[in-house]
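Source file model_0.pdb; content: PDB, C-alpha atoms.
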MODEL        1
ATOM      1  CA  MET A 366     -22.372  10.648 -13.043
ATOM      2  CA  GLU A 367     -26.016   9.998 -13.821
ATOM      3  CA  PHE A 368     -27.734   7.680 -11.413
ATOM      4  CA  PHE A 369     -28.935   5.242 -14.054
ATOM      5  CA  ASP A 370     -25.941   5.172 -16.374
ATOM      6  CA  LEU A 371     -24.622   1.750 -17.332
ATOM      7  CA  ALA A 372     -21.301   2.128 -15.532
ATOM      8  CA  PHE A 373     -23.086   2.871 -12.270
ATOM      9  CA  ILE A 374     -25.398  -0.124 -12.728
ATOM     10  CA  TRP A 375     -22.430  -2.415 -13.358
ATOM     11  CA  ALA A 376     -20.551  -1.029 -10.363
ATOM     12  CA  GLY A 377     -23.604  -1.875  -8.264
ATOM     13  CA  LEU A 378     -23.801  -5.403  -9.705
ATOM     14  CA  ILE A 379     -20.126  -6.114  -9.021
ATOM     15  CA  ALA A 380     -20.425  -4.699  -5.501
ATOM     16  CA  PHE A 381     -23.491  -6.907  -4.990
ATOM     17  CA  ALA A 382     -21.607  -9.990  -6.217
ATOM     18  CA  VAL A 383     -18.710  -9.297  -3.840
ATOM     19  CA  LEU A 384     -21.090  -8.749  -0.916
ATOM     20  CA  VAL A 385     -22.990 -11.981  -1.634
ATOM     21  CA  TYR A 386     -19.669 -13.815  -1.838
ATOM     22  CA  VAL A 387     -18.618 -12.467   1.573
ATOM     23  CA  ILE A 388     -21.973 -13.457   3.104
ATOM     24  CA  LEU A 389     -22.083 -16.929   1.582
ATOM     25  CA  ASP A 390     -18.422 -17.925   1.657
ATOM     26  CA  GLY A 391     -17.549 -16.088   4.873
ATOM     27  CA  PHE A 392     -19.104 -18.657   7.207
ATOM     28  CA  ASP A 393     -17.752 -21.435   4.976
ATOM     29  CA  LEU A 394     -14.194 -20.162   5.403
ATOM     30  CA  GLY A 395     -14.957 -19.479   9.055
ATOM     31  CA  ILE A 396     -15.726 -23.151   9.623
ATOM     32  CA  GLY A 397     -12.292 -24.030   8.256
ATOM     33  CA  ILE A 398     -10.684 -21.461  10.563
ATOM     34  CA  LEU A 399     -12.465 -23.060  13.543
ATOM     35  CA  PHE A 400     -11.529 -26.605  12.495
ATOM     36  CA  PRO A 401      -8.688 -27.044  15.035
ATOM     37  CA  LEU A 402     -11.091 -26.234  17.886
ATOM     38  CA  ALA A 403     -13.256 -29.291  17.183
ATOM     39  CA  LYS A 404     -12.885 -32.020  19.808
ATOM     40  CA  SER A 405     -12.868 -34.984  17.424
ATOM     41  CA  GLU A 406     -12.851 -36.012  13.790
ATOM     42  CA  LYS A 407     -16.567 -36.736  14.093
ATOM     43  CA  GLU A 408     -17.208 -33.107  15.037
ATOM     44  CA  ARG A 409     -15.132 -32.003  12.074
ATOM     45  CA  ASP A 410     -17.233 -34.288   9.882
ATOM     46  CA  ILE A 411     -20.386 -32.596  11.171
ATOM     47  CA  MET A 412     -18.914 -29.135  10.602
ATOM     48  CA  MET A 413     -17.983 -30.034   7.035
ATOM     49  CA  ASN A 414     -21.325 -31.671   6.330
ATOM     50  CA  SER A 415     -23.107 -28.491   7.390
ATOM     51  CA  VAL A 416     -21.708 -26.723   4.311
ATOM     52  CA  ALA A 417     -21.038 -29.676   1.988
ATOM     53  CA  PRO A 418     -24.160 -29.188  -0.188
ATOM     54  CA  VAL A 419     -23.532 -25.470  -0.818
ATOM     55  CA  TRP A 420     -19.860 -24.604  -0.337
ATOM     56  CA  ASP A 421     -18.705 -24.818  -3.958
ATOM     57  CA  GLY A 422     -21.665 -22.806  -5.239
ATOM     58  CA  ASN A 423     -20.777 -19.969  -2.895
ATOM     59  CA  GLU A 424     -17.637 -19.189  -4.882
ATOM     60  CA  THR A 425     -19.698 -18.559  -8.017
ATOM     61  CA  TRP A 426     -20.058 -15.002  -6.757
ATOM     62  CA  LEU A 427     -16.293 -14.530  -6.528
ATOM     63  CA  ILE A 428     -15.986 -15.549 -10.175
ATOM     64  CA  LEU A 429     -18.846 -13.231 -11.097
ATOM     65  CA  GLY A 430     -17.228 -10.295  -9.308
ATOM     66  CA  GLY A 431     -13.762 -10.874 -10.763
ATOM     67  CA  GLY A 432     -15.017 -11.736 -14.239
ATOM     68  CA  GLY A 433     -17.377  -8.770 -14.222
ATOM     69  CA  LEU A 434     -14.538  -6.433 -13.275
ATOM     70  CA  PHE A 435     -12.454  -7.741 -16.183
ATOM     71  CA  ALA A 436     -15.321  -7.474 -18.668
ATOM     72  CA  VAL A 437     -16.828  -4.087 -17.835
ATOM     73  CA  PHE A 438     -14.073  -2.223 -15.961
ATOM     74  CA  PRO A 439     -10.943  -3.388 -17.827
ATOM     75  CA  LEU A 440      -8.857  -0.426 -16.714
ATOM     76  CA  ALA A 441      -9.649  -1.101 -13.052
ATOM     77  CA  TYR A 442      -8.772  -4.767 -13.566
ATOM     78  CA  ALA A 443      -5.492  -3.821 -15.280
ATOM     79  CA  VAL A 444      -4.555  -1.591 -12.330
ATOM     80  CA  VAL A 445      -5.739  -3.763  -9.439
ATOM     81  CA  MET A 446      -4.210  -7.053 -10.584
ATOM     82  CA  PRO A 447      -0.558  -5.879 -10.813
ATOM     83  CA  ALA A 448      -0.968  -4.093  -7.480
ATOM     84  CA  LEU A 449      -2.388  -7.176  -5.726
ATOM     85  CA  TYR A 450      -0.853 -10.073  -7.657
ATOM     86  CA  MET A 451       0.647 -11.725  -4.589
ATOM     87  CA  PRO A 452      -2.343 -11.727  -2.184
ATOM     88  CA  ILE A 453      -4.826 -12.564  -4.947
ATOM     89  CA  THR A 454      -2.679 -15.427  -6.279
ATOM     90  CA  LEU A 455      -2.170 -16.822  -2.778
ATOM     91  CA  MET A 456      -5.901 -16.523  -2.103
ATOM     92  CA  LEU A 457      -6.817 -18.452  -5.241
ATOM     93  CA  LEU A 458      -4.235 -21.168  -4.571
ATOM     94  CA  ALA A 459      -5.501 -21.474  -0.991
ATOM     95  CA  LEU A 460      -9.096 -21.803  -2.219
ATOM     96  CA  VAL A 461      -8.051 -24.505  -4.692
ATOM     97  CA  PHE A 462      -6.050 -26.393  -2.054
ATOM     98  CA  ARG A 463      -8.947 -26.023   0.376
ATOM     99  CA  GLY A 464     -11.370 -27.433  -2.186
ATOM    100  CA  VAL A 465      -9.111 -30.420  -2.818
ATOM    101  CA  ALA A 466      -8.822 -30.982   0.930
ATOM    102  CA  PHE A 467     -12.600 -30.821   1.268
ATOM    103  CA  GLU A 468     -13.061 -33.766  -1.078
ATOM    104  CA  TYR A 469      -9.935 -35.805  -0.274
ATOM    105  CA  ARG A 470     -10.546 -35.732   3.465
ATOM    106  CA  TRP A 471     -13.559 -38.013   2.994
ATOM    107  CA  LYS A 472     -11.647 -40.514   0.844
ATOM    108  CA  THR A 473      -8.861 -41.482   3.217
ATOM    109  CA  LYS A 474      -8.315 -42.569   6.799
ATOM    110  CA  ARG A 475      -4.532 -42.575   6.913
ATOM    111  CA  TRP A 476      -4.206 -38.995   5.631
ATOM    112  CA  LYS A 477      -7.365 -37.597   7.162
ATOM    113  CA  GLY A 478      -5.430 -35.510   9.682
ATOM    114  CA  PHE A 479      -3.301 -34.027   6.902
ATOM    115  CA  TRP A 480      -6.319 -32.994   4.853
ATOM    116  CA  SER A 481      -8.029 -31.580   7.941
ATOM    117  CA  ALA A 482      -4.950 -29.417   8.475
ATOM    118  CA  ALA A 483      -5.007 -28.481   4.784
ATOM    119  CA  PHE A 484      -8.646 -27.453   5.040
ATOM    120  CA  PHE A 485      -7.785 -25.230   8.007
ATOM    121  CA  GLY A 486      -4.681 -23.796   6.321
ATOM    122  CA  GLY A 487      -6.462 -23.085   3.041
ATOM    123  CA  SER A 488      -9.325 -21.359   4.837
ATOM    124  CA  LEU A 489      -6.973 -19.270   6.970
ATOM    125  CA  VAL A 490      -4.688 -18.187   4.119
ATOM    126  CA  ALA A 491      -7.585 -17.387   1.756
ATOM    127  CA  THR A 492      -9.304 -15.266   4.391
ATOM    128  CA  PHE A 493      -6.127 -13.481   5.439
ATOM    129  CA  CYS A 494      -5.266 -12.662   1.814
ATOM    130  CA  GLN A 495      -8.762 -11.321   1.172
ATOM    131  CA  GLY A 496      -8.342  -8.984   4.132
ATOM    132  CA  ILE A 497      -4.893  -7.887   2.942
ATOM    133  CA  ALA A 498      -6.263  -7.148  -0.546
ATOM    134  CA  LEU A 499      -9.088  -5.102   0.943
ATOM    135  CA  GLY A 500      -6.691  -3.173   3.179
ATOM    136  CA  ALA A 501      -4.374  -2.463   0.257
ATOM    137  CA  LEU A 502      -7.305  -1.228  -1.824
ATOM    138  CA  VAL A 503      -8.479   1.055   0.996
ATOM    139  CA  GLN A 504      -4.951   2.490   1.268
ATOM    140  CA  GLY A 505      -5.131   3.441  -2.381
ATOM    141  CA  ILE A 506      -3.294   2.268  -5.477
ATOM    142  CA  GLU A 507      -0.770   4.505  -7.200
ATOM    143  CA  ILE A 508      -1.701   5.195 -10.818
ATOM    144  CA  GLU A 509       0.167   7.119 -13.508
ATOM    145  CA  GLN A 510      -0.992   7.431 -17.098
ATOM    146  CA  ARG A 511      -3.706   4.807 -16.637
ATOM    147  CA  SER A 512      -1.258   2.179 -15.353
ATOM    148  CA  TYR A 513      -0.174   0.861 -11.983
ATOM    149  CA  ALA A 514       2.844   2.872 -10.842
ATOM    150  CA  GLY A 515       3.614   1.252  -7.493
ATOM    151  CA  GLY A 516       5.962  -1.506  -6.427
ATOM    152  CA  TRP A 517       5.535  -5.253  -5.991
ATOM    153  CA  PHE A 518       5.049  -5.032  -2.245
ATOM    154  CA  ASP A 519       3.021  -1.839  -1.822
ATOM    155  CA  TRP A 520       0.176  -4.026  -0.555
ATOM    156  CA  LEU A 521       2.285  -5.202   2.385
ATOM    157  CA  THR A 522       1.718  -2.671   5.179
ATOM    158  CA  LEU A 523       0.727  -2.798   8.822
ATOM    159  CA  PHE A 524      -2.746  -1.546   7.888
ATOM    160  CA  SER A 525      -3.327  -4.266   5.276
ATOM    161  CA  LEU A 526      -2.003  -6.971   7.624
ATOM    162  CA  PHE A 527      -4.311  -5.694  10.352
ATOM    163  CA  CYS A 528      -7.255  -5.843   7.932
ATOM    164  CA  GLY A 529      -6.286  -9.430   7.124
ATOM    165  CA  ALA A 530      -6.293 -10.378  10.798
ATOM    166  CA  ALA A 531      -9.602  -8.581  11.333
ATOM    167  CA  LEU A 532     -11.246 -10.529   8.513
ATOM    168  CA  VAL A 533      -9.997 -13.826   9.961
ATOM    169  CA  VAL A 534     -11.693 -13.016  13.272
ATOM    170  CA  GLY A 535     -14.857 -11.829  11.499
ATOM    171  CA  TYR A 536     -15.138 -14.968   9.376
ATOM    172  CA  ALA A 537     -14.555 -17.084  12.482
ATOM    173  CA  LEU A 538     -17.563 -15.302  14.025
ATOM    174  CA  LEU A 539     -19.655 -16.182  10.965
ATOM    175  CA  GLY A 540     -18.487 -19.791  11.193
ATOM    176  CA  ALA A 541     -19.318 -20.053  14.906
ATOM    177  CA  THR A 542     -22.819 -18.619  14.440
ATOM    178  CA  TRP A 543     -23.402 -20.941  11.452
ATOM    179  CA  ILE A 544     -22.426 -23.993  13.514
ATOM    180  CA  ASN A 545     -24.693 -22.736  16.296
ATOM    181  CA  MET A 546     -27.527 -22.542  13.776
ATOM    182  CA  LYS A 547     -26.937 -25.896  12.052
ATOM    183  CA  THR A 548     -25.886 -28.263  14.840
ATOM    184  CA  GLU A 549     -27.026 -29.501  18.239
ATOM    185  CA  GLY A 550     -25.453 -30.751  21.439
ATOM    186  CA  PRO A 551     -21.959 -29.982  22.757
ATOM    187  CA  LEU A 552     -20.687 -28.738  19.365
ATOM    188  CA  GLN A 553     -23.454 -26.155  19.163
ATOM    189  CA  GLU A 554     -22.996 -25.109  22.784
ATOM    190  CA  ARG A 555     -19.250 -24.557  22.464
ATOM    191  CA  ASN A 556     -19.599 -22.505  19.311
ATOM    192  CA  ARG A 557     -22.411 -20.442  20.820
ATOM    193  CA  LYS A 558     -20.126 -19.612  23.732
ATOM    194  CA  LEU A 559     -17.222 -18.964  21.359
ATOM    195  CA  ALA A 560     -19.317 -16.568  19.261
ATOM    196  CA  GLY A 561     -19.539 -14.120  22.169
ATOM    197  CA  PRO A 562     -15.788 -13.377  22.452
ATOM    198  CA  LEU A 563     -15.458 -13.503  18.669
ATOM    199  CA  GLY A 564     -18.245 -10.911  18.400
ATOM    200  CA  VAL A 565     -16.500  -8.624  20.881
ATOM    201  CA  ALA A 566     -13.186  -9.034  19.059
ATOM    202  CA  THR A 567     -14.827  -8.402  15.666
ATOM    203  CA  LEU A 568     -16.453  -5.192  16.885
ATOM    204  CA  ALA A 569     -13.182  -4.019  18.448
ATOM    205  CA  LEU A 570     -11.312  -4.666  15.199
ATOM    206  CA  ILE A 571     -14.033  -2.914  13.184
ATOM    207  CA  GLY A 572     -13.592   0.064  15.488
ATOM    208  CA  VAL A 573      -9.821   0.147  14.989
ATOM    209  CA  VAL A 574     -10.027  -0.231  11.197
ATOM    210  CA  SER A 575     -12.754   2.432  11.039
ATOM    211  CA  THR A 576     -10.596   4.787  13.095
ATOM    212  CA  LEU A 577      -7.579   4.281  10.845
ATOM    213  CA  THR A 578      -9.406   4.392   7.492
ATOM    214  CA  PRO A 579     -10.095   8.181   7.319
ATOM    215  CA  PHE A 580      -6.364   8.789   7.700
ATOM    216  CA  GLN A 581      -5.459   6.608   4.713
ATOM    217  CA  ASP A 582      -6.536   9.360   2.323
ATOM    218  CA  PRO A 583      -7.735  12.962   2.834
ATOM    219  CA  VAL A 584     -10.770  12.225   0.641
ATOM    220  CA  TYR A 585     -11.979   9.593   3.138
ATOM    221  CA  TYR A 586     -11.627  12.054   5.992
ATOM    222  CA  GLU A 587     -13.666  14.659   4.106
ATOM    223  CA  ARG A 588     -16.446  12.202   3.231
ATOM    224  CA  TRP A 589     -16.671  10.867   6.768
ATOM    225  CA  PHE A 590     -16.665  14.156   8.637
ATOM    226  CA  THR A 591     -18.012  16.825   6.274
ATOM    227  CA  LEU A 592     -21.759  17.363   5.871
ATOM    228  CA  PRO A 593     -23.920  16.387   4.045
ATOM    229  CA  ALA A 594     -21.907  13.275   3.132
ATOM    230  CA  ALA A 595     -21.050  12.690   6.798
ATOM    231  CA  PHE A 596     -24.737  12.064   7.549
ATOM    232  CA  TRP A 597     -24.429   8.615   5.973
ATOM    233  CA  SER A 598     -21.195   7.935   7.840
ATOM    234  CA  TYR A 599     -22.880   8.728  11.157
ATOM    235  CA  LEU A 600     -25.571   6.136  10.463
ATOM    236  CA  VAL A 601     -23.033   3.310  10.222
ATOM    237  CA  PRO A 602     -22.094   3.210  13.942
ATOM    238  CA  VAL A 603     -25.776   3.540  14.870
ATOM    239  CA  PHE A 604     -26.616   0.420  12.878
ATOM    240  CA  LEU A 605     -23.569  -1.390  14.266
ATOM    241  CA  ILE A 606     -24.769  -0.738  17.826
ATOM    242  CA  LEU A 607     -28.278  -2.004  17.049
ATOM    243  CA  ILE A 608     -26.982  -5.103  15.275
ATOM    244  CA  SER A 609     -24.556  -5.822  18.121
ATOM    245  CA  TYR A 610     -27.401  -5.717  20.609
ATOM    246  CA  PHE A 611     -29.421  -8.280  18.677
ATOM    247  CA  LEU A 612     -26.311 -10.430  18.099
ATOM    248  CA  PHE A 613     -25.442 -10.730  21.776
ATOM    249  CA  SER A 614     -29.042 -10.944  22.954
ATOM    250  CA  GLY A 615     -29.613 -13.783  20.500
ATOM    251  CA  LEU A 616     -26.589 -15.627  21.872
ATOM    252  CA  ALA A 617     -27.688 -15.015  25.464
ATOM    253  CA  LYS A 618     -31.172 -16.378  24.732
ATOM    254  CA  ASN A 619     -29.795 -19.450  22.900
ATOM    255  CA  LYS A 620     -31.319 -18.423  19.588
ATOM    256  CA  ASP A 621     -30.331 -20.445  16.545
ATOM    257  CA  TYR A 622     -30.896 -18.090  13.626
ATOM    258  CA  GLN A 623     -30.657 -14.591  15.082
ATOM    259  CA  PRO A 624     -26.905 -14.576  15.862
ATOM    260  CA  PHE A 625     -26.001 -15.794  12.364
ATOM    261  CA  PHE A 626     -28.084 -13.195  10.572
ATOM    262  CA  MET A 627     -26.855 -10.422  12.864
ATOM    263  CA  ALA A 628     -23.234 -11.440  12.295
ATOM    264  CA  ASN A 629     -23.829 -11.165   8.552
ATOM    265  CA  ALA A 630     -25.533  -7.814   9.105
ATOM    266  CA  LEU A 631     -22.290  -6.541  10.652
ATOM    267  CA  PHE A 632     -20.501  -7.330   7.408
ATOM    268  CA  ILE A 633     -23.224  -5.691   5.327
ATOM    269  CA  VAL A 634     -22.985  -2.452   7.308
ATOM    270  CA  CYS A 635     -19.186  -2.480   7.053
ATOM    271  CA  PHE A 636     -19.477  -3.064   3.307
ATOM    272  CA  VAL A 637     -21.763  -0.047   3.040
ATOM    273  CA  GLY A 638     -19.201   1.956   4.995
ATOM    274  CA  ILE A 639     -16.512   0.997   2.488
ATOM    275  CA  GLY A 640     -18.834   2.039  -0.329
ATOM    276  CA  ILE A 641     -19.318   5.448   1.299
ATOM    277  CA  SER A 642     -15.537   5.856   1.449
ATOM    278  CA  PHE A 643     -14.909   4.757  -2.154
ATOM    279  CA  TYR A 644     -17.734   6.331  -4.146
ATOM    280  CA  PRO A 645     -17.434   7.509  -6.929
ATOM    281  CA  HIS A 646     -14.060   5.782  -7.251
ATOM    282  CA  ILE A 647     -13.713   2.135  -8.170
ATOM    283  CA  VAL A 648      -9.968   2.149  -7.438
ATOM    284  CA  PRO A 649      -9.126   4.815  -4.898
ATOM    285  CA  PRO A 650      -7.808   7.410  -4.754
ATOM    286  CA  SER A 651      -8.032   8.522  -8.390
ATOM    287  CA  LEU A 652      -9.767   6.061 -10.733
ATOM    288  CA  THR A 653     -13.500   6.729 -10.956
ATOM    289  CA  ILE A 654     -16.240   4.366 -12.086
ATOM    290  CA  ASP A 655     -16.834   6.298 -15.309
ATOM    291  CA  ALA A 656     -13.134   6.524 -16.172
ATOM    292  CA  ALA A 657     -12.589   2.781 -15.722
ATOM    293  CA  ALA A 658     -15.690   1.608 -17.598
ATOM    294  CA  ALA A 659     -15.733  -0.071 -20.993
ATOM    295  CA  PRO A 660     -17.707   1.541 -23.845
ATOM    296  CA  ASP A 661     -21.469   1.719 -23.326
ATOM    297  CA  SER A 662     -22.055  -0.802 -26.118
ATOM    298  CA  SER A 663     -19.951  -3.375 -24.249
ATOM    299  CA  LEU A 664     -21.638  -2.567 -20.947
ATOM    300  CA  LEU A 665     -25.084  -3.003 -22.476
ATOM    301  CA  PHE A 666     -24.151  -6.268 -24.207
ATOM    302  CA  ALA A 667     -22.789  -7.721 -20.959
ATOM    303  CA  LEU A 668     -25.754  -6.425 -18.987
ATOM    304  CA  VAL A 669     -28.169  -8.465 -21.096
ATOM    305  CA  GLY A 670     -26.346 -11.659 -20.155
ATOM    306  CA  ALA A 671     -26.050 -10.644 -16.516
ATOM    307  CA  GLY A 672     -29.752  -9.835 -16.419
ATOM    308  CA  ILE A 673     -30.481 -13.438 -17.387
ATOM    309  CA  LEU A 674     -27.784 -15.263 -15.408
ATOM    310  CA  ILE A 675     -27.832 -13.426 -12.075
ATOM    311  CA  PRO A 676     -31.531 -14.159 -11.332
ATOM    312  CA  ILE A 677     -30.962 -17.818 -12.263
ATOM    313  CA  ILE A 678     -27.967 -18.035  -9.900
ATOM    314  CA  LEU A 679     -29.945 -16.345  -7.134
ATOM    315  CA  ILE A 680     -32.880 -18.729  -7.559
ATOM    316  CA  TYR A 681     -30.613 -21.786  -7.624
ATOM    317  CA  THR A 682     -28.682 -20.590  -4.554
ATOM    318  CA  ALA A 683     -31.858 -19.859  -2.607
ATOM    319  CA  TYR A 684     -33.307 -23.248  -3.574
ATOM    320  CA  ALA A 685     -30.136 -25.093  -2.475
ATOM    321  CA  TYR A 686     -30.184 -23.423   0.937
ATOM    322  CA  TRP A 687     -33.909 -24.099   1.277
ATOM    323  CA  VAL A 688     -33.546 -27.800   0.450
ATOM    324  CA  PHE A 689     -30.727 -28.258   2.982
ATOM    325  CA  ARG A 690     -32.239 -26.048   5.684
ATOM    326  CA  GLY A 691     -32.510 -27.117   9.306
ATOM    327  CA  LYS A 692     -30.200 -28.972  11.650
ATOM    328  CA  ILE A 693     -27.551 -31.425  10.539
ATOM    329  CA  ASP A 694     -28.100 -35.061  11.481
ATOM    330  CA  GLU A 695     -24.769 -36.161  12.981
ATOM    331  CA  ASN A 696     -25.429 -39.744  11.864
ATOM    332  CA  ALA A 697     -26.102 -38.827   8.259
ATOM    333  CA  GLY A 698     -24.118 -36.690   5.892
ATOM    334  CA  TYR A 699     -23.798 -35.290   2.425
ATOM    335  CA  HIS A 700     -20.793 -37.501   1.663
TER     336      HIS A 700
ENDMDL
END

Starting from the file, give its structure as structure tokens.
Amino acid sequence: MEFFDLAFIWAGLIAFAVLVYVILDGFDLGIGILFPLAKSEKERDIMMNSVAPVWDGNETWLILGGGGLFAVFPLAYAVVMPALYMPITLMLLALVFRGVAFEYRWKTKRWKGFWSAAFFGGSLVATFCQGIALGALVQGIEIEQRSYAGGWFDWLTLFSLFCGAALVVGYALLGATWINMKTEGPLQERNRKLAGPLGVATLALIGVVSTLTPFQDPVYYERWFTLPAAFWSYLVPVFLILISYFLFSGLAKNKDYQPFFMANALFIVCFVGIGISFYPHIVPPSLTIDAAAAPDSSLLFALVGAGILIPIILIYTAYAYWVFRGKIDENAGYH
């Protein structure tokens, strides 16, 4: 594969969209996961208001990643969807239900507790299903004659369930560090203290998943432990150690921004580690980026549109976060 071929560029764009979605929607879902730990409805209001101006825009990147996969890697889409119908469908339904709960919770007093529970449940199920889908993809998808050849429940394994649980803990860490960054007083203090154990648990789960991953496929084992490819694999734990130091030191020194950015850095490094394991496959263990790509004419046509839209989305997203930067006023809200 040539470095600058269109399929490679599109694979990079889709990977970028998925990573941005994880960074932007991870803390959003994490806040929902932490919802039951709030001491009062007022604290839940503050937690919701911290993401109210930006939460729906975060999911733009999920649509971009999924739509891009359908448009430019139709074979990969046709293989992945039948393999992961159940977790993906449940994830989307949970996100829809969560979005409804987000708006309805502000419109009622009698049913406010119900919609708070729905917000928590939607966040938890969506996150868990994302982790299951990732775990199932890492395990590999059985393909014969360019079609999915596995069963309905091949995605349901101990490894995929463990990945789902790990992502729930990781998103909870992102949510706790976001609340630490955006709020003040007892709510901030509790979440700062909570972020410490969540950070330890996240790192422990990353370690377990990383230990199990090379044994999911012989190709992973070779890439991780055979030079020169292993050089990149060895850098991942080095960066994780450095990031962990700054995460916990930031929490110990009562920093507002440092823990949040370091928690996101953990996800970025893990994402790079997954990329090292997958490349040059888009659907492991046998479907490569080139084999799954649409014709070059289609890739180029779609790239023109993406080249216009992606910078606009990035600018709008950055502007929205800039406008609503700083601490949340507990006596004023978005709603």

| task | One decimal, Å: what's the distance from CA of Phe435 (chain A) over to CA of Ile388 (chain A), could you say? | result | 22.3 Å

| field | Exercise: Pro579 (chain A) partners within 9 Å, only C-alpha atoms, chain neighbours under 4 positions left out, as a list in words | value |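 The neighbour list is Ser575, Pro583, Val584, Tyr585, Tyr586, Glu587, Arg588, Trp589, Phe590 and Ser642 of chain A.
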
| query | What does the PyMOL selection byres ((chain A and resi 376) around 10) select in this file, as a ChimeraX atom specification? | reply | /A:371-375,377-382,430,433-434,437-438,645-647,654-655,658

| message | Given only C-alpha atoms as the basis, pick out the residue of A:Thr522, A:Phe462, A:Ala441, A:Ile641 nearest to Trp597 (chain A). | response |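 Smallest separation from Trp597 (chain A) among the options: A:Ile641.
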
| query | Which polymer residues have any atom within 9 Å of an atom of Ser415 (chain A), counting all atoms listed in the file, with same-chain residues fewer than 3 positions away left out, as a ChimeraX atom specification? | reply | /A:410-412,418-419,543-544,547-548,689,692-693,698-699

Go ahead and dump the residues you just picked, C-alpha atoms, as a PDB file, in the coordinates of the input.
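Saved file part17.pdb follows:
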ATOM      1  CA  ASP A 410     -17.233 -34.288   9.882  1.00  0.00           C
ATOM      2  CA  ILE A 411     -20.386 -32.596  11.171  1.00  0.00           C
ATOM      3  CA  MET A 412     -18.914 -29.135  10.602  1.00  0.00           C
ATOM      4  CA  PRO A 418     -24.160 -29.188  -0.188  1.00  0.00           C
ATOM      5  CA  VAL A 419     -23.532 -25.470  -0.818  1.00  0.00           C
ATOM      6  CA  TRP A 543     -23.402 -20.941  11.452  1.00  0.00           C
ATOM      7  CA  ILE A 544     -22.426 -23.993  13.514  1.00  0.00           C
ATOM      8  CA  LYS A 547     -26.937 -25.896  12.052  1.00  0.00           C
ATOM      9  CA  THR A 548     -25.886 -28.263  14.840  1.00  0.00           C
ATOM     10  CA  PHE A 689     -30.727 -28.258   2.982  1.00  0.00           C
ATOM     11  CA  LYS A 692     -30.200 -28.972  11.650  1.00  0.00           C
ATOM     12  CA  ILE A 693     -27.551 -31.425  10.539  1.00  0.00           C
ATOM     13  CA  GLY A 698     -24.118 -36.690   5.892  1.00  0.00           C
ATOM     14  CA  TYR A 699     -23.798 -35.290   2.425  1.00  0.00           C
TER      15      TYR A 699
END

| note | For Trp420 (chain A), the closest of A:Ala667, A:Leu394, A:Ala514, A:Ala530 counting all atoms listed in the file is A:Leu394

| message | Between CA of Pro452 (chain A) and CA of Val383 (chain A), what distance in Å does the model show, to one decimal? | response | 16.6 Å

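The closest residue to Leu616 (chain A), picked from A:Thr653, A:Gln510, A:Thr591, A:Asn556 and counting only C-alpha atoms, is A:Asn556.
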
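Counting from CA of Asp370 (chain A), the distance to CA of Leu429 (chain A) is 20.4 Å.
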
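Closest approach to Ala459 (chain A) among A:Ser663, A:Thr492, A:Leu440, A:Leu539 is made by A:Thr492 (distances from all atoms listed in the file).
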
| message | Given only C-alpha atoms as the basis, pick out the residue of A:Leu521, A:Ile398, A:Cys528, A:Ile606 nearest to Gly487 (chain A). | response | A:Ile398

| Hey, what comes out of the PyMOL selection byres ((chain A and resi 488) around 9) on this file? Could you write it as a ChimeraX atom specification? | /A:393-398,459-460,463,483-487,489-493

Prev. selection, C-alpha atoms, output as a CSV table (one decimal), keeping the file's coordinate frame:
chain,number,residue,atom,x,y,z
A,393,ASP,CA,-17.8,-21.4,5.0
A,394,LEU,CA,-14.2,-20.2,5.4
A,395,GLY,CA,-15.0,-19.5,9.1
A,396,ILE,CA,-15.7,-23.2,9.6
A,397,GLY,CA,-12.3,-24.0,8.3
A,398,ILE,CA,-10.7,-21.5,10.6
A,459,ALA,CA,-5.5,-21.5,-1.0
A,460,LEU,CA,-9.1,-21.8,-2.2
A,463,ARG,CA,-8.9,-26.0,0.4
A,483,ALA,CA,-5.0,-28.5,4.8
A,484,PHE,CA,-8.6,-27.5,5.0
A,485,PHE,CA,-7.8,-25.2,8.0
A,486,GLY,CA,-4.7,-23.8,6.3
A,487,GLY,CA,-6.5,-23.1,3.0
A,489,LEU,CA,-7.0,-19.3,7.0
A,490,VAL,CA,-4.7,-18.2,4.1
A,491,ALA,CA,-7.6,-17.4,1.8
A,492,THR,CA,-9.3,-15.3,4.4
A,493,PHE,CA,-6.1,-13.5,5.4
